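Q: start_30.txt is the file, holding compact mmCIF, N, CA and C atoms:
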```
# COMPACT_ATOMS: atom_id res chain seq x y z
N MET A 1195 71.79 94.57 83.17
CA MET A 1195 72.54 93.88 84.18
C MET A 1195 73.56 94.86 84.78
N THR A 1196 73.64 94.92 86.09
CA THR A 1196 74.58 95.79 86.78
C THR A 1196 75.75 94.97 87.29
N VAL A 1197 76.95 95.44 87.00
CA VAL A 1197 78.15 94.76 87.47
C VAL A 1197 78.72 95.58 88.62
N THR A 1198 78.90 94.93 89.75
CA THR A 1198 79.49 95.62 90.90
C THR A 1198 80.84 94.99 91.21
N THR A 1199 81.75 95.81 91.67
CA THR A 1199 83.05 95.29 92.07
C THR A 1199 83.14 95.30 93.58
N SER A 1200 83.88 94.39 94.10
CA SER A 1200 84.02 94.31 95.55
C SER A 1200 84.88 95.47 96.04
N PRO A 1201 84.72 95.86 97.30
CA PRO A 1201 85.57 96.93 97.84
C PRO A 1201 87.06 96.60 97.74
N ALA A 1202 87.42 95.33 97.92
CA ALA A 1202 88.83 94.94 97.82
C ALA A 1202 89.34 95.10 96.39
N SER A 1203 88.54 94.75 95.42
CA SER A 1203 88.93 94.92 94.02
C SER A 1203 89.08 96.39 93.66
N ARG A 1204 88.16 97.18 94.15
CA ARG A 1204 88.21 98.63 93.89
C ARG A 1204 89.46 99.24 94.53
N ALA A 1205 89.77 98.84 95.76
CA ALA A 1205 90.96 99.35 96.44
C ALA A 1205 92.22 98.95 95.68
N ALA A 1206 92.30 97.71 95.24
CA ALA A 1206 93.46 97.24 94.50
C ALA A 1206 93.62 98.02 93.20
N GLU A 1207 92.52 98.31 92.54
CA GLU A 1207 92.56 99.07 91.29
C GLU A 1207 93.06 100.49 91.54
N LEU A 1208 92.59 101.12 92.60
CA LEU A 1208 93.02 102.48 92.92
C LEU A 1208 94.48 102.53 93.33
N LEU A 1209 94.93 101.57 94.12
CA LEU A 1209 96.31 101.56 94.58
C LEU A 1209 97.30 101.28 93.44
N SER A 1210 96.85 100.61 92.40
CA SER A 1210 97.75 100.27 91.31
C SER A 1210 97.89 101.37 90.27
N ARG A 1211 97.17 102.47 90.42
CA ARG A 1211 97.28 103.58 89.48
C ARG A 1211 98.55 104.39 89.73
N PRO A 1212 99.19 104.86 88.65
CA PRO A 1212 100.35 105.75 88.83
C PRO A 1212 99.89 107.07 89.45
N VAL A 1213 100.83 107.76 90.08
CA VAL A 1213 100.52 109.06 90.67
C VAL A 1213 101.71 109.98 90.46
N ALA A 1214 101.43 111.26 90.20
CA ALA A 1214 102.47 112.28 90.02
C ALA A 1214 102.24 113.38 91.04
N LEU A 1215 103.33 113.80 91.68
CA LEU A 1215 103.25 114.86 92.68
C LEU A 1215 104.55 115.66 92.64
N ASN A 1216 104.43 116.94 92.39
CA ASN A 1216 105.61 117.83 92.36
C ASN A 1216 106.73 117.31 91.46
N GLY A 1217 106.39 116.81 90.30
CA GLY A 1217 107.39 116.37 89.34
C GLY A 1217 107.88 114.94 89.52
N LEU A 1218 107.44 114.26 90.57
CA LEU A 1218 107.81 112.86 90.79
C LEU A 1218 106.64 111.98 90.40
N THR A 1219 106.87 111.04 89.50
CA THR A 1219 105.83 110.10 89.11
C THR A 1219 106.25 108.71 89.56
N VAL A 1220 105.37 108.04 90.27
CA VAL A 1220 105.63 106.67 90.72
C VAL A 1220 104.60 105.75 90.08
N PRO A 1221 104.96 104.48 89.87
CA PRO A 1221 104.10 103.57 89.11
C PRO A 1221 102.82 103.15 89.82
N ASN A 1222 102.78 103.30 91.15
CA ASN A 1222 101.57 102.95 91.89
C ASN A 1222 101.55 103.75 93.20
N ARG A 1223 100.52 103.58 93.98
CA ARG A 1223 100.35 104.37 95.20
C ARG A 1223 100.76 103.62 96.46
N ILE A 1224 101.59 102.63 96.30
CA ILE A 1224 102.07 101.84 97.44
C ILE A 1224 103.40 102.43 97.89
N VAL A 1225 103.43 102.93 99.12
CA VAL A 1225 104.63 103.55 99.68
C VAL A 1225 105.06 102.76 100.90
N MET A 1226 106.35 102.46 100.96
CA MET A 1226 106.89 101.71 102.09
C MET A 1226 107.72 102.64 102.96
N ALA A 1227 107.41 102.64 104.24
CA ALA A 1227 108.12 103.49 105.20
C ALA A 1227 109.48 102.89 105.55
N PRO A 1228 110.37 103.69 106.17
CA PRO A 1228 111.66 103.16 106.61
C PRO A 1228 111.47 102.01 107.59
N MET A 1229 112.21 100.92 107.38
CA MET A 1229 112.00 99.75 108.22
C MET A 1229 113.29 99.03 108.61
N THR A 1230 114.45 99.61 108.34
CA THR A 1230 115.69 98.87 108.59
C THR A 1230 116.64 99.55 109.55
N ARG A 1231 116.21 100.55 110.27
CA ARG A 1231 117.11 101.32 111.12
C ARG A 1231 117.90 100.42 112.08
N MET A 1232 117.25 99.44 112.65
CA MET A 1232 117.92 98.57 113.61
C MET A 1232 118.83 97.54 112.94
N PHE A 1233 118.81 97.46 111.61
CA PHE A 1233 119.69 96.55 110.88
C PHE A 1233 121.00 97.21 110.48
N SER A 1234 121.22 98.45 110.90
CA SER A 1234 122.40 99.20 110.50
C SER A 1234 123.26 99.55 111.71
N PRO A 1235 124.13 98.64 112.13
CA PRO A 1235 124.98 98.91 113.30
C PRO A 1235 125.81 100.17 113.09
N GLY A 1236 125.79 101.05 114.09
CA GLY A 1236 126.54 102.30 113.98
C GLY A 1236 125.95 103.25 112.97
N GLY A 1237 124.72 102.99 112.51
CA GLY A 1237 124.08 103.87 111.54
C GLY A 1237 124.54 103.69 110.11
N VAL A 1238 125.31 102.64 109.85
CA VAL A 1238 125.83 102.39 108.50
C VAL A 1238 125.15 101.16 107.91
N PRO A 1239 124.32 101.36 106.86
CA PRO A 1239 123.65 100.22 106.27
C PRO A 1239 124.63 99.32 105.52
N GLY A 1240 124.36 98.03 105.57
CA GLY A 1240 125.22 97.06 104.89
C GLY A 1240 124.49 96.36 103.75
N GLY A 1241 125.07 95.28 103.32
CA GLY A 1241 124.51 94.51 102.21
C GLY A 1241 123.14 93.95 102.50
N ASP A 1242 122.87 93.60 103.77
CA ASP A 1242 121.56 93.06 104.11
C ASP A 1242 120.46 94.11 103.93
N VAL A 1243 120.77 95.36 104.21
CA VAL A 1243 119.80 96.44 104.02
C VAL A 1243 119.56 96.66 102.52
N ARG A 1244 120.64 96.64 101.75
CA ARG A 1244 120.51 96.78 100.29
C ARG A 1244 119.63 95.68 99.73
N SER A 1245 119.86 94.46 100.17
CA SER A 1245 119.06 93.32 99.70
C SER A 1245 117.59 93.47 100.09
N TYR A 1246 117.36 93.94 101.32
CA TYR A 1246 116.00 94.14 101.82
C TYR A 1246 115.22 95.09 100.90
N TYR A 1247 115.81 96.25 100.63
CA TYR A 1247 115.12 97.23 99.79
C TYR A 1247 115.05 96.78 98.33
N ALA A 1248 116.05 96.07 97.86
CA ALA A 1248 116.02 95.55 96.49
C ALA A 1248 114.85 94.58 96.31
N ARG A 1249 114.60 93.73 97.32
CA ARG A 1249 113.47 92.80 97.24
C ARG A 1249 112.15 93.57 97.18
N ARG A 1250 112.03 94.62 97.98
CA ARG A 1250 110.79 95.41 97.97
C ARG A 1250 110.59 96.11 96.63
N ALA A 1251 111.65 96.67 96.09
CA ALA A 1251 111.57 97.33 94.79
C ALA A 1251 111.20 96.33 93.69
N ALA A 1252 111.78 95.15 93.73
CA ALA A 1252 111.48 94.12 92.73
C ALA A 1252 110.03 93.65 92.83
N ALA A 1253 109.45 93.76 94.02
CA ALA A 1253 108.07 93.33 94.22
C ALA A 1253 107.06 94.38 93.75
N GLY A 1254 107.55 95.54 93.33
CA GLY A 1254 106.65 96.53 92.75
C GLY A 1254 106.20 97.66 93.65
N VAL A 1255 106.89 97.88 94.77
CA VAL A 1255 106.54 99.01 95.63
C VAL A 1255 106.78 100.30 94.83
N GLY A 1256 105.81 101.21 94.85
CA GLY A 1256 105.90 102.43 94.06
C GLY A 1256 106.94 103.40 94.57
N LEU A 1257 107.05 103.54 95.88
CA LEU A 1257 107.99 104.49 96.48
C LEU A 1257 108.51 103.91 97.78
N ILE A 1258 109.81 103.92 97.95
CA ILE A 1258 110.42 103.43 99.18
C ILE A 1258 111.13 104.60 99.85
N VAL A 1259 110.75 104.87 101.10
CA VAL A 1259 111.39 105.92 101.88
C VAL A 1259 112.40 105.23 102.78
N THR A 1260 113.67 105.53 102.60
CA THR A 1260 114.71 104.89 103.41
C THR A 1260 115.13 105.79 104.56
N GLU A 1261 115.87 105.22 105.48
CA GLU A 1261 116.35 105.98 106.62
C GLU A 1261 117.41 106.98 106.20
N GLY A 1262 117.52 108.03 106.99
CA GLY A 1262 118.61 108.97 106.84
C GLY A 1262 119.60 108.75 107.97
N THR A 1263 120.55 109.60 108.07
CA THR A 1263 121.51 109.52 109.16
C THR A 1263 120.87 110.06 110.42
N TYR A 1264 121.04 109.37 111.51
CA TYR A 1264 120.45 109.82 112.75
C TYR A 1264 121.39 110.77 113.49
N VAL A 1265 120.81 111.51 114.39
CA VAL A 1265 121.56 112.49 115.17
C VAL A 1265 122.11 111.81 116.42
N GLY A 1266 123.41 111.94 116.66
CA GLY A 1266 124.03 111.35 117.84
C GLY A 1266 123.88 112.25 119.05
N HIS A 1267 122.68 112.35 119.55
CA HIS A 1267 122.41 113.20 120.71
C HIS A 1267 121.42 112.46 121.61
N GLU A 1268 121.53 112.68 122.92
CA GLU A 1268 120.64 112.00 123.88
C GLU A 1268 119.17 112.14 123.53
N SER A 1269 118.77 113.31 123.07
CA SER A 1269 117.35 113.55 122.80
C SER A 1269 116.85 112.81 121.57
N ALA A 1270 117.75 112.26 120.76
CA ALA A 1270 117.36 111.55 119.55
C ALA A 1270 116.90 110.14 119.82
N GLY A 1271 117.08 109.62 121.03
CA GLY A 1271 116.65 108.27 121.35
C GLY A 1271 117.71 107.24 121.00
N GLN A 1272 117.29 106.00 121.03
CA GLN A 1272 118.24 104.89 120.82
C GLN A 1272 118.47 104.53 119.37
N SER A 1273 117.53 104.87 118.50
CA SER A 1273 117.68 104.43 117.11
C SER A 1273 117.70 105.60 116.17
```
Could you render the structure from this file as structure tokens?
A:
Amino acid sequence: MTVTTSPASRAAELLSRPVALNGLTVPNRIVMAPMTRMFSPGGVPGGDVRSYYARRAAAGVGLIVTEGTYVGHESAGQS
């Protein structure tokens, strides 16, 4: 008897594996990009941003990339 797994099951299994790269080990391969830039008036994140990322971390995201400080120059755009 041959057991086959669905592509979705296989993808979920692969994404849930830990990964190590250049000395950093994360619990899974799910990475969340910066998503709160517009929630930080004047470029200063507040409690709502902290809560946002805390919820994502509690949900098991392996790596969260947060915003840095933006450059205050015309060529940098609005955000």
Q: One decimal, in Å: what's the spacing between CA of Gly1241 (chain A) and CA of Val1220 (chain A)?
A: 25.2 Å
Q: Among chain A, which ones does DSSP assign to strand (DSSP E) (computed from the backbone)? Answer as a tab-separated table (two decimals) with N, CA and C atoms, in the coordinates of the input.
A:
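Saved result, out07.tsv, follows:
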```tsv
chain	number	residue	atom	x	y	z
A	1213	VAL	N	100.83	107.76	90.08
A	1213	VAL	CA	100.52	109.06	90.67
A	1213	VAL	C	101.71	109.98	90.46
A	1214	ALA	N	101.43	111.26	90.20
A	1214	ALA	CA	102.47	112.28	90.02
A	1214	ALA	C	102.24	113.38	91.04
A	1215	LEU	N	103.33	113.80	91.68
A	1215	LEU	CA	103.25	114.86	92.68
A	1215	LEU	C	104.55	115.66	92.64
A	1218	LEU	N	107.44	114.26	90.57
A	1218	LEU	CA	107.81	112.86	90.79
A	1218	LEU	C	106.64	111.98	90.40
A	1219	THR	N	106.87	111.04	89.50
A	1219	THR	CA	105.83	110.10	89.11
A	1219	THR	C	106.25	108.71	89.56
A	1220	VAL	N	105.37	108.04	90.27
A	1220	VAL	CA	105.63	106.67	90.72
A	1220	VAL	C	104.60	105.75	90.08
A	1225	VAL	N	103.43	102.93	99.12
A	1225	VAL	CA	104.63	103.55	99.68
A	1225	VAL	C	105.06	102.76	100.90
A	1226	MET	N	106.35	102.46	100.96
A	1226	MET	CA	106.89	101.71	102.09
A	1226	MET	C	107.72	102.64	102.96
A	1257	LEU	N	107.05	103.54	95.88
A	1257	LEU	CA	107.99	104.49	96.48
A	1257	LEU	C	108.51	103.91	97.78
A	1258	ILE	N	109.81	103.92	97.95
A	1258	ILE	CA	110.42	103.43	99.18
A	1258	ILE	C	111.13	104.60	99.85
```
Q: Which distance in Å separates CA of Met1226 (chain A) and CA of Gly1240 (chain A), to one decimal?
A: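 Computing the Euclidean distance for CA of Met1226 (chain A) and CA of Gly1240 (chain A) yields 19.1 Å.
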Q: Between CA of Thr1230 (chain A) and CA of Leu1208 (chain A), what distance in Å does the model show, to one decimal?
A: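 We find that CA of Thr1230 (chain A) and CA of Leu1208 (chain A) lie 27.8 Å from each other.
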Q: Given the choices A:Arg1250, A:Thr1199, A:Glu1261, A:Glu1268, which gets closest to Met1232 (chain A) if the distance is worked out from only C-alpha atoms?
A: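 Nearest to Met1232 (chain A): A:Glu1261.
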Q: Using only C-alpha atoms, which residue out of A:Ser1203, A:Asn1216, A:Thr1198, A:Asn1222 lies closest to Ala1251 (chain A)?
A: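 Of the candidates, the smallest distance to Ala1251 (chain A) is held by A:Asn1222.
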Q: Quick check for you: according to DSSP on this backbone, which residues of region 1203-1272 of chain A are classed as helix (DSSP H, G or I)? Reply as a list in words.
A: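 Assigned to helix (DSSP H, G or I), within region 1203-1272 of chain A: Ser1203, Arg1204, Ala1205, Ala1206, Glu1207, Leu1208, Leu1209, Arg1231, Met1232, Phe1233, Pro1235, Gly1236, Gly1237, Gly1241, Asp1242, Val1243, Arg1244, Ser1245, Tyr1246, Tyr1247, Ala1248, Arg1249, Arg1250, Ala1251, Ala1252, Glu1268, Ser1269 and Ala1270 of chain A.
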Q: Restore all heavy atoms in region 1197-1208 of chain A and list the result as a short mmCIF file (atom, residue, chain, number, x, y, z; two decimals), keeping the file's coordinate frame.
A:
```cif
data_model
loop_
_atom_site.label_atom_id
_atom_site.label_comp_id
_atom_site.auth_asym_id
_atom_site.auth_seq_id
_atom_site.Cartn_x
_atom_site.Cartn_y
_atom_site.Cartn_z
N VAL A 1197 76.95 95.44 87.00
CA VAL A 1197 78.15 94.76 87.47
C VAL A 1197 78.72 95.58 88.62
O VAL A 1197 78.95 96.77 88.49
CB VAL A 1197 79.20 94.64 86.34
CG1 VAL A 1197 80.47 94.00 86.86
CG2 VAL A 1197 78.63 93.86 85.18
N THR A 1198 78.90 94.93 89.75
CA THR A 1198 79.49 95.62 90.90
C THR A 1198 80.84 94.99 91.21
O THR A 1198 81.04 93.79 91.03
CB THR A 1198 78.59 95.53 92.14
OG1 THR A 1198 78.38 94.15 92.46
CG2 THR A 1198 77.25 96.19 91.88
N THR A 1199 81.75 95.81 91.67
CA THR A 1199 83.05 95.29 92.07
C THR A 1199 83.14 95.30 93.58
O THR A 1199 82.54 96.15 94.24
CB THR A 1199 84.20 96.13 91.48
OG1 THR A 1199 84.00 97.50 91.86
CG2 THR A 1199 84.26 96.04 89.98
N SER A 1200 83.88 94.39 94.10
CA SER A 1200 84.02 94.31 95.55
C SER A 1200 84.88 95.47 96.04
O SER A 1200 85.69 96.02 95.28
CB SER A 1200 84.67 92.99 95.95
OG SER A 1200 86.03 92.99 95.59
N PRO A 1201 84.72 95.86 97.30
CA PRO A 1201 85.57 96.93 97.84
C PRO A 1201 87.06 96.60 97.74
O PRO A 1201 87.87 97.47 97.45
CB PRO A 1201 85.13 97.03 99.30
CG PRO A 1201 83.71 96.54 99.30
CD PRO A 1201 83.68 95.46 98.26
N ALA A 1202 87.42 95.33 97.92
CA ALA A 1202 88.83 94.94 97.82
C ALA A 1202 89.34 95.10 96.39
O ALA A 1202 90.46 95.57 96.18
CB ALA A 1202 89.02 93.50 98.29
N SER A 1203 88.54 94.75 95.42
CA SER A 1203 88.93 94.92 94.02
C SER A 1203 89.08 96.39 93.66
O SER A 1203 90.01 96.78 92.96
CB SER A 1203 87.91 94.27 93.08
OG SER A 1203 87.88 92.89 93.25
N ARG A 1204 88.16 97.18 94.15
CA ARG A 1204 88.21 98.63 93.89
C ARG A 1204 89.46 99.24 94.53
O ARG A 1204 90.15 100.05 93.91
CB ARG A 1204 86.94 99.30 94.44
CG ARG A 1204 86.92 100.78 94.30
CD ARG A 1204 86.61 101.19 92.87
NE ARG A 1204 86.47 102.63 92.84
CZ ARG A 1204 87.00 103.42 91.91
NH1 ARG A 1204 87.65 102.88 90.91
NH2 ARG A 1204 86.85 104.70 91.95
N ALA A 1205 89.77 98.84 95.76
CA ALA A 1205 90.96 99.35 96.44
C ALA A 1205 92.22 98.95 95.68
O ALA A 1205 93.13 99.78 95.50
CB ALA A 1205 91.01 98.85 97.87
N ALA A 1206 92.30 97.71 95.24
CA ALA A 1206 93.46 97.24 94.50
C ALA A 1206 93.62 98.02 93.20
O ALA A 1206 94.74 98.39 92.81
CB ALA A 1206 93.34 95.75 94.21
N GLU A 1207 92.52 98.31 92.54
CA GLU A 1207 92.56 99.07 91.29
C GLU A 1207 93.06 100.49 91.54
O GLU A 1207 93.90 101.01 90.81
CB GLU A 1207 91.17 99.08 90.64
CG GLU A 1207 91.12 99.65 89.24
CD GLU A 1207 90.92 101.15 89.22
OE1 GLU A 1207 90.13 101.65 90.04
OE2 GLU A 1207 91.55 101.82 88.38
N LEU A 1208 92.59 101.12 92.60
CA LEU A 1208 93.02 102.48 92.92
C LEU A 1208 94.48 102.53 93.33
O LEU A 1208 95.22 103.43 92.92
CB LEU A 1208 92.15 103.07 94.05
CG LEU A 1208 90.71 103.38 93.66
CD1 LEU A 1208 89.90 103.77 94.90
CD2 LEU A 1208 90.66 104.49 92.63
#
```
